[in-house]
Every structure is written in C-alpha cells, then in structure tokens.
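S.K.: Below is a structure I'd like to ask you about.
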Amino acid sequence: MAELGSFVLLLALILSGYSFLVGLIALIRKQPGSERLSETARRAGIASFGAVFIGAVILVTAAFRNDFSISYILHHSNRDLPLPYKFATLWSGQEGSLLFWSLLLSGYGLVLRLRHKTDVRLFAHASVVIAAVQVFFLLLLNFAAKPFAVIQTAVPPDGNGLNPLLQYPEMVIHPPMLYLGYVGFTVPFAFALGALAMKYPGEKWIHITRRWTMVTWGFLTCGVFLGAHWAYSVLGWGGYWGWDPVENASLMPWLVGTAFLHSVMMQEKRGMLKTWNMWLVFGTFWLAILGTFLTRSGIISSVHAFAQSSIGDWFFWFLIVSLGTFTFFFIKNRSHLRSEHKLESLISRESSFLFNNLLFVLACFTVLWGTWFPKISELAQGKKVTVGAAFYNKVTIPVALLLLLLTAVGPLLAWRKTSFESLKRNFLWSSLGALAVGIVLIGLGVKPWNDISYLYALMAAMLAALVAFTVISEFIRGGRVISGHTGENLAASMIRLWHRNTRRYGGYIVHFGVALVFIGILGTPFNREAEKEMAFGDKMALGPYTLLCRSYTQEENANYSSDLAIIQIFKGDKQIDTLYPESRFYTASQQQQHVPAIRSTLKEDIYVVYEGQNQDTGRPIIKAHLNPMVSWIWIGLIVMVFGTILSLVPNAVPMRATVRDGAEARLPAHADPVGAGD
Amino acid sequence: MLFSFFREKRLHLVPALLLGVLLLMGAGDDSARIDRIGHQLMCVCGCNQVLLECNHVGCSYSTRMRDELTAAVTRGDSDNIVVQWFIQTYGTTVLTVPTDHGFNRVAWIMPYLALVLGIGAVVVIAGTWRNRPSWPPSGGSASGPDGRPSGGSSDSELDRFRDQARRETQL
C-alpha cells in the first residue's frame, strides 16, 4: 500500500511537471501546434488530480486499516481512534496536511481546467501557474515530507494516537475549511499573474475570478472562525483568540484577501487600483504560504506549530521564487495596469475603499510585525521578546473600530461623489440609533471613563449598531421603492431587491454578520472568572450564578478514561443547568486533556473547566468563566457565510414590473436606492 | 451599639480591629497585584499563554511560577522588583509584551508609524488622482480637445459609454 501511495505521488509530480513545463512552452512559442501542446498540458493537469486523489485515498485507507507500517499512520492514529478522527488523520500531521493541500490545489486546478472554454488562453496561463505551485507541493511530498515513508523497525501493535487536542468534532471540518481558503487563493493569484503576463485586456479576468475569490474568502472566513471556536471549546483557557503565531498566520491572508475583495470593485466599476489589486491578490497568496512557512519551519515558537523540520527551507525558497516571479512580470508589464479614471471627490465610495484598504493592510502589517518581532529582536539585540495578546489588543483594536466605522459608512457612499444631503438622508436615523445604544449602555453601567477597555466596548457597540441600522434601513428603503412599483409586500420586495443585485445586498448581510461578531467580541472586558478547590457540596460564586459541586464520576472507553465533575448551576435558588467538565487521559498517546463544559446563551456563556487535582491537597480544582455575548460571534459567522452564499447567486435579469394601474413597465433604474452600485 | 462599645471601655480593641482591617485590605491588594502582575507574565513552558491562564495539565512551570509570584507579592516586593526578578530568572520572554525601552520601543512605534505613513500615502494618492486628467477612451477619437467626449460620437463609442455607465451603477 505504501509503495502504491509513493508511486502515485511520483506520478502526480511527473504529470504536474509536464503540465507546467509543456504548458509554459506552449504559451511562449505561439507557433502552430501550440494549442495542441497546451491541450496536453491541460489534460496532464487534470490527470494529476486523479493521482493525488488516489494518494489521499490510500493514506486514509491506511488509517482505517491501522497500517502502522506507515510512519505517518503510526504517529497520528491508533486502533481505538473513532472513525471520523481516522479520516481526519489525513490533515493531522505535517506530511498528511501537505498531501491534503496538494489534493485541494489539484482539485481547484481540475475545476479551472474543465472550465477552460470560458477563455482558453487566460485559463491556459492560470493553469500553468497552478501547475507550478502544484509541482512545489509534490516535490515536498516526494522528497522532503513523505506521507508514505515506512518504518524501519518491527511494526508496533498499535499507533501513538492522535493528539488529544485534535480529537474534537470541529477538527474534522476546521482544517479543511482553512485549507480550502488558503489553497483557494492560489486561483485568483494564478489568474492575476496570468492576466499580467499576457497583458490581458480589460477587466474580464476580474469577473472570471470574482466567484473564485468570494468562495475562497468564504472558506477562509469559516476556517478562521472555526479555529477560534475550536480554541474556545477545547483549549480550556476561556478565550477564543490568543494571537498565537498560527492563528495570526490564518488571519493575515484573510485581512489582505478581504481588502482585495473590496478594492477589486474599484477596478470593476472604475478601472482604478489595478496595480494595487495585483499586489493584494499576490499578497494574499504569499501570506498563505508564509503562514505555512511560519508553522513548518519552527522559526516562530507556537503551541500549534509542527515540529521544526527541513521543509521550512523549501518554503523559504518558494516564497523568494514566487516573489521574484511576480515582481518580474509586474515590472515588465506595469504599463498595462494604468488606471483609467480620476478621483472626483474625497467623499465617495472610491475614497472609502482607499481607507478600507489602508486599514486592512495596516491590520495585516501589525499582525505580521507582532508575529515576526521576536525574531527581529533576536537578530537586532540578541534576545527574544514575547509579543502577546496585550500588544495586539492595544494596537489592533483602534484599527478594527475604524474598519467598523467604514463598514457602516462606506457602502452608502455613492461612486464618484456623495452630497451632504445624501449623507444626511442615509445616516441620520442610523446615527441616532447608534447614539441611543450608547446612552442605554452607559445607563446600564458601562462607564467608558473608568477603563479604556470599556471605552472600546462602548464604541464597538455603537459602531456595530450603526452598521446594523444602516444595513436594515438600506433593505427597508430599497424594499419600499420596489414595493411602491410592484405592489408586493415589503418582505417580498426586499427579496426581489437582493435578487437584482445579489453581490451588493449579500455584502450588506456579510456586514451585518461582522457587526454581530463585534457585538460578541465587545463582551470580553466584562468577562469574570473564579477558581476553587471544590469537594462534594462546595459552592462557588460566579457573577449572579452559584456553582454547586454535586459529585465526581469516572468513565472509560477504549480511547480514553475520563474524570468528570458534576456541577449544578443555580441562579438564585433555581437550578438552571448541570455541567460536566472533564479531564481525559488518552490511552494511546498517554496525554491528558481538560475538556471544558459550556452553557451558552445569547446573553453569556458559563464555561467550566475541571483542572485536575491539587497535588498537595488532592482536592479537585474547578475553574469557571462567565463570558458575556460570546455566542454572537458564532451567530455572526453564520450570518457572514449566509451573506457570502447570497452574494454568489447570479443576479436576476432586469425585471418587468406590473404597476398599480395594471400596465406593465420596466422597473426604473432609480428604484435601486442610494449607494448606486455595490 | 457603637456607643455601648465605647462605654464598655473596649477602646483597647480598636488598634487590633484596625490592624485586622488593614490586613484584610492588604490581602485584597495582594490578590489584585498578583492578578495584575500575573497577567504581565507568560508561562515559559512554551504554551504561549499568560501565566495566570496557563492550563496545561502537569505544566512544570506555571505552578512554580505562580507560587514564586505569590511569595514575592506577599513579601511586599514592589511590582517593579517582582517583574525584574522574573526577567532575571526566566529571561525577557517572560514578559507578555515588549518593554517600552531601547530597541523594543520599535515594536510599539512601528504600527502607528505605518498608520501615519499609510494615511499620508492615501491622502497623496487621492490628491494626485483628483488632479489627474481624465483617461481618454481607447482610440481617442471620441475626445474633444478638452479631453471630454466630442459631440459626434459614433454608436460604438456611445455603446462603450453605456457599458461604462452600466458597470459603474450595475443597474
């Protein structure tokens, strides 16, 4: 089985190498017969997917069959590992995750190559770029990080097991989402580089890649947030974002990708920011690779990072080569990227996009800077320093608040120029609503003058409210205009409104989701925690709640044994829930892990951790957190994903409306209110 | 009740009561100080977690470090002395953030410098774009001498403008 796996990966390398080299030659030569050569390269690229897919299937099958002669399976699985986690073995370790990356990349390449008739020449260029990236990953898999390497000693009866932290249902879905996002940005990059290399006329490549970009962004968003949810549900420290280098590595491409998603509209609508967009799409791809370099090289210490290995060098050189290649084509063909339009007013959609991009890129730079500063410090002054959450919170929160402000304001500014009257009409009621929210919160006891974190929370609440109110008012205003012409009710009119311009109104829903996420985050300064050694019948106060230790018990299965605390939650005299925080001991890996128990409501989470026993007294330690509003983060994610899906639906063709006198008429253009465009 | 307390000449108990209150206040202060300083320190086991938030099972560092912190605070060492002791014992990586001295100051300055430079760049770019002459449509025949479309545009040029208008408004 291992031999077959190694063979198909070698075959995939040969096919990808052929697809790259022959595809490149066909593009350069431009002689009769080049099309046929290019077609063979395309087919080789398609075939490479088949080979990598078979390789992945073999690895998963080996996990299911407990084939511990394969070193990777030995180190990441065991006989009693539940079946879903055996499947997740594919991305649980370094070699497997690289194979998974390669599988996704070849999958994206397959779709791209099958759709080549959209624009044969542009797709041929993009196919060559994808093949080049694919060659890199297959070189790694064949020579540096072999997933099918066999052990040289006698085959042990059982494997070492999967890392306990990864034995959580979300780990079956979080890494694929994240990887789909990481890898997916290779596609817009491939189109961008292809368009640059061939001096592709017009903005059609942007239209072609729009969906790729949005789908990829959706996956990356899911991946980042699911990672946060996993950290919250598994790591047991009561938080969801620790600014760990690996978390940062996933955030950086997301930030730049989000900037691209916005600025690309400037290019579509106004022919502006062509150079900037090229660099943004390259930056997103490059940062995804850089993140992988960070986690694989051991250059930055992280609790998530894979062990230091030689593949860091491979990634380093790949980063250099990709930067060099892109820079070469940029310098060679930069005249092709000249902008067409001028900026007519500083109060316009164009300006808001400029500042939006500035803030996203600045946020990315800050995260990158903080992630790398320990290394920079080591080089500059010979000693490492730690850059922890306090640094990022202090520096990024003001930027995030400004971004939230732009999220509210930007979409309602018109292209070219926005009048004061328009601003007043669009923002008056929303601003008053946000102000009212602020006053209510101060009345409820949020005193911004007491602590800067309270000030940030208040500002976040007001700005989130502003975003939510502007989005809602946009839907209502547009719905009313359509309702006035069609006689439909408001809800049906709003659906029709969305269907006329799905990207714009889907985008509004994404913004609404962002506002919800901020509402979830702003609860952080009000977190409370308590810790106590609790014997039977002991009580611990946590805000308005009382935790009563009812009992301790034990469970055991083939995979792990578990100590559970039975904690009853009281509010006043009324019992509202019972939680079962666990401390597990995994048999195969001989590792212990705390599994928190969480009671989530829209208002707050009660988060209880069984921290084991005091070594001196032998008494069990229970730690509890009261985290307000956290659920809104996950609800916000669902709304963001929903908005992204709505954005992907094709627009309805301009409709014919039946006006109230019964005559049929085309819905007038001004029925689409304010912002004029998305 | 208070008067009866003084009438019964139990004034000798007042200093003891005051001492008790002060000790209790001190205890409260100590736990607040431990919380404050403990959130300025990292656990050095490699978990990348703040000392008071490290929840690694069997972590060989955090328990000891917390005991050391508690002992130092209970001894009455000032915050600065406690932090310096941890730096000397565990190295500079024990601090959660870079200090505000020497080269480490660069860590704090750089993001704000980037913000200022970025805003400056955006303002300069916006100014440049505002003063930029309109980019003539390809072919140029549709433009008059002032760069605006001339009155006698052909159908294809008008189509191009319509297409541009459609793109910019997406209606």
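Naming works like this for the structure tokens: A, B, ... for the chains as they're shown, residue 1 at the start of each chain, ligands 1 onward in shown order.
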Find the nearest atom pair between each residue of chain A and chain B for residues within 8 Å, count only C-alpha atoms, give distances in Å to one decimal, sort rows by chain and ascending number, and present the table as a Markdown table.
M.R.:
| residue | atom | partner | partner_atom | distance |
| --- | --- | --- | --- | --- |
| A:Gly236 | CA | B:Asn55 | CA | 7.1 |
| A:Trp237 | CA | B:Glu53 | CA | 6.0 |
| A:Gly242 | CA | B:Gln49 | CA | 7.7 |
| A:Asp244 | CA | B:Asn48 | CA | 7.0 |
| A:Glu268 | CA | B:Arg167 | CA | 7.2 |
| A:Lys269 | CA | B:Glu168 | CA | 4.5 |
| A:Arg270 | CA | B:Glu168 | CA | 6.5 |
| A:Ser301 | CA | B:Gly46 | CA | 7.5 |
| A:Ser302 | CA | B:Asn48 | CA | 6.6 |
| A:Val303 | CA | B:Cys47 | CA | 5.2 |
| A:Ser339 | CA | B:Trp135 | CA | 7.8 |
| A:Glu340 | CA | B:Trp135 | CA | 5.0 |
| A:His341 | CA | B:Trp135 | CA | 5.9 |
| A:Lys342 | CA | B:Trp129 | CA | 5.0 |
| A:Leu343 | CA | B:Arg130 | CA | 4.6 |
| A:Glu344 | CA | B:Arg130 | CA | 5.7 |
| A:Ser345 | CA | B:Arg130 | CA | 7.3 |
| A:Leu346 | CA | B:Ala126 | CA | 7.4 |
| A:Ser351 | CA | B:Ala126 | CA | 7.5 |
| A:Leu354 | CA | B:Val122 | CA | 6.8 |
| A:Phe355 | CA | B:Val122 | CA | 7.2 |
| A:Leu358 | CA | B:Gly118 | CA | 6.4 |
| A:Leu362 | CA | B:Leu115 | CA | 6.6 |
| A:Phe365 | CA | B:Pro111 | CA | 7.5 |
| A:Thr366 | CA | B:Pro111 | CA | 5.6 |
| A:Trp369 | CA | B:Ala107 | CA | 7.7 |
| A:Gly370 | CA | B:Ala107 | CA | 7.3 |
| A:Phe373 | CA | B:Ala107 | CA | 6.8 |
| A:Ser377 | CA | B:Asn104 | CA | 7.4 |
| A:Ala380 | CA | B:Phe103 | CA | 8.0 |
| A:Gln381 | CA | B:Phe103 | CA | 7.5 |
| A:Lys383 | CA | B:Thr92 | CA | 7.4 |
| A:Lys384 | CA | B:Thr93 | CA | 6.1 |
| A:Val385 | CA | B:Thr93 | CA | 4.5 |
| A:Thr386 | CA | B:Thr93 | CA | 4.8 |
| A:Val387 | CA | B:Val97 | CA | 4.8 |
| A:Gly388 | CA | B:Thr96 | CA | 5.0 |
| A:Ala389 | CA | B:Thr96 | CA | 7.5 |
| A:Ala390 | CA | B:Val97 | CA | 6.6 |
| A:Phe391 | CA | B:Val97 | CA | 5.9 |
| A:Val395 | CA | B:Pro111 | CA | 7.1 |
| A:Trp415 | CA | B:Glu168 | CA | 7.5 |
| A:Asn501 | CA | B:Gln170 | CA | 7.8 |
| A:Gln592 | CA | B:Val57 | CA | 6.5 |
| A:Gln593 | CA | B:Val57 | CA | 6.7 |
| A:His594 | CA | B:Val57 | CA | 7.6 |
| A:Glu611 | CA | B:Asn55 | CA | 7.2 |
| A:Gly612 | CA | B:Val57 | CA | 7.7 |
| A:Ala669 | CA | B:Leu171 | CA | 6.2 |
| A:Asp672 | CA | B:Leu171 | CA | 7.7 |
| A:Ala676 | CA | B:Thr169 | CA | 5.3 |
| A:Gly677 | CA | B:Thr169 | CA | 4.6 |
| A:Asp678 | CA | B:Gln170 | CA | 7.8 |
S.K.: With N, CA and C atoms retained, export the selected residues as a compact mmCIF listing (two decimals), in the first residue's frame.
M.R.:
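Output (part.txt):
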# COMPACT_ATOMS: atom_id res chain seq x y z
N GLY A 236 -9.56 25.31 26.75
CA GLY A 236 -9.92 25.40 28.16
C GLY A 236 -9.38 26.60 28.90
N TRP A 237 -8.93 27.63 28.18
CA TRP A 237 -8.48 28.82 28.92
C TRP A 237 -9.55 29.92 28.92
N GLY A 242 -6.01 33.82 20.92
CA GLY A 242 -4.86 34.09 21.77
C GLY A 242 -3.72 34.79 21.06
N ASP A 244 -1.85 33.68 18.86
CA ASP A 244 -0.75 32.75 18.65
C ASP A 244 -0.28 32.90 17.19
N GLU A 268 -13.36 46.96 -11.13
CA GLU A 268 -14.50 46.59 -11.96
C GLU A 268 -15.32 47.80 -12.39
N LYS A 269 -15.59 48.66 -11.43
CA LYS A 269 -16.51 49.76 -11.69
C LYS A 269 -15.83 50.96 -12.32
N ARG A 270 -14.59 51.23 -11.87
CA ARG A 270 -13.98 52.49 -12.24
C ARG A 270 -12.62 52.33 -12.91
N SER A 301 8.05 30.31 17.60
CA SER A 301 7.52 29.29 18.51
C SER A 301 6.02 29.46 18.67
N SER A 302 5.33 28.35 18.63
CA SER A 302 3.88 28.38 18.76
C SER A 302 3.41 27.06 19.32
N VAL A 303 2.36 27.12 20.11
CA VAL A 303 1.84 25.88 20.67
C VAL A 303 1.23 25.01 19.57
N SER A 339 -4.33 53.17 -14.48
CA SER A 339 -5.74 53.43 -14.14
C SER A 339 -6.41 54.31 -15.17
N GLU A 340 -7.72 54.16 -15.26
CA GLU A 340 -8.46 54.88 -16.29
C GLU A 340 -9.12 56.16 -15.77
N HIS A 341 -9.45 56.15 -14.49
CA HIS A 341 -10.30 57.23 -14.01
C HIS A 341 -9.61 58.10 -13.00
N LYS A 342 -10.18 59.26 -12.80
CA LYS A 342 -9.69 60.14 -11.77
C LYS A 342 -10.66 60.11 -10.58
N LEU A 343 -10.14 60.54 -9.44
CA LEU A 343 -10.98 60.61 -8.25
C LEU A 343 -11.70 61.96 -8.26
N GLU A 344 -13.01 61.93 -8.16
CA GLU A 344 -13.76 63.18 -8.30
C GLU A 344 -14.07 63.84 -6.98
N SER A 345 -14.15 63.06 -5.91
CA SER A 345 -14.45 63.66 -4.61
C SER A 345 -13.87 62.79 -3.51
N LEU A 346 -13.48 63.44 -2.41
CA LEU A 346 -12.97 62.67 -1.28
C LEU A 346 -14.11 61.99 -0.52
N SER A 351 -13.06 56.77 -2.18
CA SER A 351 -12.23 57.16 -1.02
C SER A 351 -12.41 56.18 0.12
N LEU A 354 -10.36 53.28 -0.46
CA LEU A 354 -8.94 53.55 -0.21
C LEU A 354 -8.63 53.40 1.27
N PHE A 355 -9.46 54.00 2.12
CA PHE A 355 -9.20 53.93 3.56
C PHE A 355 -9.47 52.52 4.09
N LEU A 358 -6.45 50.64 3.28
CA LEU A 358 -5.35 51.06 4.16
C LEU A 358 -5.47 50.35 5.51
N LEU A 362 -3.01 47.67 6.99
CA LEU A 362 -2.33 48.07 8.22
C LEU A 362 -2.53 47.01 9.31
N PHE A 365 -0.31 44.24 8.49
CA PHE A 365 1.08 44.59 8.79
C PHE A 365 1.34 44.47 10.30
N THR A 366 0.39 44.96 11.09
CA THR A 366 0.56 44.92 12.55
C THR A 366 0.67 43.49 13.05
N TRP A 369 3.97 42.15 11.87
CA TRP A 369 5.04 42.76 12.66
C TRP A 369 5.13 42.13 14.03
N GLY A 370 3.99 41.98 14.68
CA GLY A 370 3.98 41.37 16.01
C GLY A 370 4.44 39.93 15.98
N PHE A 373 8.27 40.10 15.30
CA PHE A 373 9.14 40.93 16.14
C PHE A 373 10.05 40.11 17.06
N SER A 377 13.84 41.03 17.06
CA SER A 377 14.52 41.42 18.29
C SER A 377 15.74 40.54 18.53
N ALA A 380 18.38 41.75 16.22
CA ALA A 380 18.86 43.11 16.46
C ALA A 380 19.57 43.25 17.80
N GLN A 381 19.05 42.61 18.85
CA GLN A 381 19.63 42.82 20.17
C GLN A 381 20.03 41.53 20.87
N LYS A 383 18.40 39.05 21.91
CA LYS A 383 17.49 38.38 22.85
C LYS A 383 16.06 38.43 22.33
N LYS A 384 15.37 37.35 22.61
CA LYS A 384 13.98 37.26 22.15
C LYS A 384 13.07 38.01 23.12
N VAL A 385 11.97 38.48 22.60
CA VAL A 385 10.93 39.02 23.47
C VAL A 385 9.62 38.34 23.10
N THR A 386 8.66 38.46 23.98
CA THR A 386 7.34 37.90 23.69
C THR A 386 6.42 39.03 23.23
N VAL A 387 5.66 38.76 22.19
CA VAL A 387 4.64 39.72 21.77
C VAL A 387 3.30 39.02 21.96
N GLY A 388 2.66 39.32 23.06
CA GLY A 388 1.44 38.62 23.42
C GLY A 388 0.18 39.39 23.09
N ALA A 389 -0.92 38.86 23.59
CA ALA A 389 -2.23 39.42 23.25
C ALA A 389 -2.35 40.89 23.61
N ALA A 390 -1.69 41.32 24.70
CA ALA A 390 -1.83 42.71 25.14
C ALA A 390 -1.33 43.66 24.05
N PHE A 391 -0.26 43.27 23.36
CA PHE A 391 0.27 44.11 22.27
C PHE A 391 -0.76 44.23 21.15
N VAL A 395 -2.89 47.59 19.85
CA VAL A 395 -2.60 48.19 18.55
C VAL A 395 -3.73 47.96 17.52
N TRP A 415 -20.67 56.12 -5.73
CA TRP A 415 -19.48 56.22 -6.55
C TRP A 415 -19.33 57.67 -7.02
N ASN A 501 -29.44 42.64 -7.25
CA ASN A 501 -28.01 42.91 -7.11
C ASN A 501 -27.50 42.09 -5.93
N GLN A 592 -2.96 13.84 28.79
CA GLN A 592 -4.17 14.27 29.48
C GLN A 592 -4.70 15.55 28.85
N GLN A 593 -6.00 15.71 28.91
CA GLN A 593 -6.59 16.94 28.36
C GLN A 593 -7.85 17.30 29.12
N HIS A 594 -7.99 18.62 29.40
CA HIS A 594 -9.23 19.10 30.03
C HIS A 594 -10.23 19.43 28.94
N GLU A 611 -9.86 21.30 36.28
CA GLU A 611 -8.42 21.48 36.07
C GLU A 611 -7.57 20.41 36.73
N GLY A 612 -8.19 19.35 37.16
CA GLY A 612 -7.41 18.28 37.81
C GLY A 612 -7.41 18.48 39.32
N ALA A 669 -34.59 52.60 -13.29
CA ALA A 669 -33.25 52.44 -12.73
C ALA A 669 -33.15 53.02 -11.33
N ASP A 672 -33.30 51.39 -7.57
CA ASP A 672 -32.20 50.90 -6.74
C ASP A 672 -31.68 52.09 -5.95
N ALA A 676 -25.94 53.39 -5.24
CA ALA A 676 -25.69 53.21 -6.66
C ALA A 676 -24.54 52.27 -6.92
N GLY A 677 -24.81 51.05 -6.87
CA GLY A 677 -23.79 50.03 -7.11
C GLY A 677 -23.41 49.39 -5.81
N ASP A 678 -22.60 48.37 -5.89
CA ASP A 678 -22.31 47.66 -4.65
C ASP A 678 -20.99 48.05 -4.04
S.K.: Please provide as number ranges by chain all residues within 9 Å of Val215 of chain A, with the sequence filter that same-chain residues fewer than 5 positions apart are discarded (counting only C-alpha atoms).
M.R.: A: 181, 184, 210, 220, 644-645, 648
S.K.: So which residues touch Arg349 of chain A within 7 Å, counting only C-alpha atoms, skipping near sequence neighbours fewer than 4 positions away, as a PyMOL selection string?
M.R.: chain A and resi 353+410+413-416
S.K.: Please produce an output containing N, CA and C atoms for each residue in the selection, written as a short mmCIF file (atom, residue, chain, number, x, y, z; two decimals), in the first residue's frame.
M.R.:
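Writing done, so here's result.cif:
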data_model
loop_
_atom_site.label_atom_id
_atom_site.label_comp_id
_atom_site.auth_asym_id
_atom_site.auth_seq_id
_atom_site.Cartn_x
_atom_site.Cartn_y
_atom_site.Cartn_z
N PHE A 353 -13.08 53.09 -0.07
CA PHE A 353 -12.33 51.88 -0.38
C PHE A 353 -10.83 52.08 -0.14
N GLY A 410 -19.11 53.27 4.41
CA GLY A 410 -18.66 53.06 3.04
C GLY A 410 -19.73 52.64 2.06
N LEU A 413 -22.00 55.33 0.56
CA LEU A 413 -21.46 56.44 -0.23
C LEU A 413 -21.60 56.08 -1.70
N ALA A 414 -21.92 57.06 -2.51
CA ALA A 414 -22.09 56.80 -3.93
C ALA A 414 -20.73 56.82 -4.62
N TRP A 415 -20.67 56.12 -5.73
CA TRP A 415 -19.48 56.22 -6.55
C TRP A 415 -19.33 57.67 -7.02
N ARG A 416 -18.15 58.08 -7.29
CA ARG A 416 -17.79 59.41 -7.80
C ARG A 416 -17.93 60.50 -6.72
#
S.K.: Using Å and a single decimal, report how far atom CA of Pro253 of chain A sits from atom CA of Phe123 of chain A.
M.R.: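 Those two atoms sit 23.9 Å apart.
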S.K.: Can you pull out the residues contacting Phe570 of chain A? Cut-off 12 Å, using only C-alpha atoms, and skip same-chain residues under 5 positions away; I want them as a PyMOL selection string.
M.R.: chain A and resi 539-550+575-579+606
S.K.: Kindly export the residues of the current selection with C-alpha atoms, as a tab-separated table (two decimals), in the first residue's frame.
M.R.:
chain	number	residue	atom	x	y	z
A	539	LYS	CA	-20.23	26.18	46.27
A	540	MET	CA	-18.53	28.83	44.17
A	541	ALA	CA	-19.99	32.19	43.17
A	542	LEU	CA	-19.68	33.34	39.57
A	543	GLY	CA	-21.42	36.63	38.91
A	544	PRO	CA	-25.13	36.10	39.57
A	545	TYR	CA	-24.69	32.32	39.48
A	546	THR	CA	-23.71	29.75	42.07
A	547	LEU	CA	-21.88	26.60	41.06
A	548	LEU	CA	-22.53	23.62	43.29
A	549	CYS	CA	-20.26	20.59	43.09
A	550	ARG	CA	-22.70	17.69	43.21
A	575	GLN	CA	-31.20	25.28	39.30
A	576	ILE	CA	-30.82	26.18	35.64
A	577	ASP	CA	-28.41	23.56	34.34
A	578	THR	CA	-25.90	20.84	35.12
A	579	LEU	CA	-22.46	20.84	33.51
A	606	ILE	CA	-20.84	29.76	31.62
S.K.: Leaving out segment 83-88 of chain A and any residue of its chain fewer than 2 positions from it, which residues lie within 6 Å of it when counting only C-alpha atoms, given as a PyMOL selection string?
M.R.: chain A and resi 60+63+90-91+172
S.K.: Within 6 Å of Leu516 of chain A, counting only C-alpha atoms, which residues qualify if same-chain residues fewer than 3 places away don't, as a PyMOL selection string?
M.R.: chain A and resi 513+519+632+636
S.K.: How many Å separate atom CA of Gly93 of chain A from atom CA of Pro188 of chain A?
M.R.: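 Computed distance, atom CA of Gly93 of chain A to atom CA of Pro188 of chain A, equals 27.5 Å.
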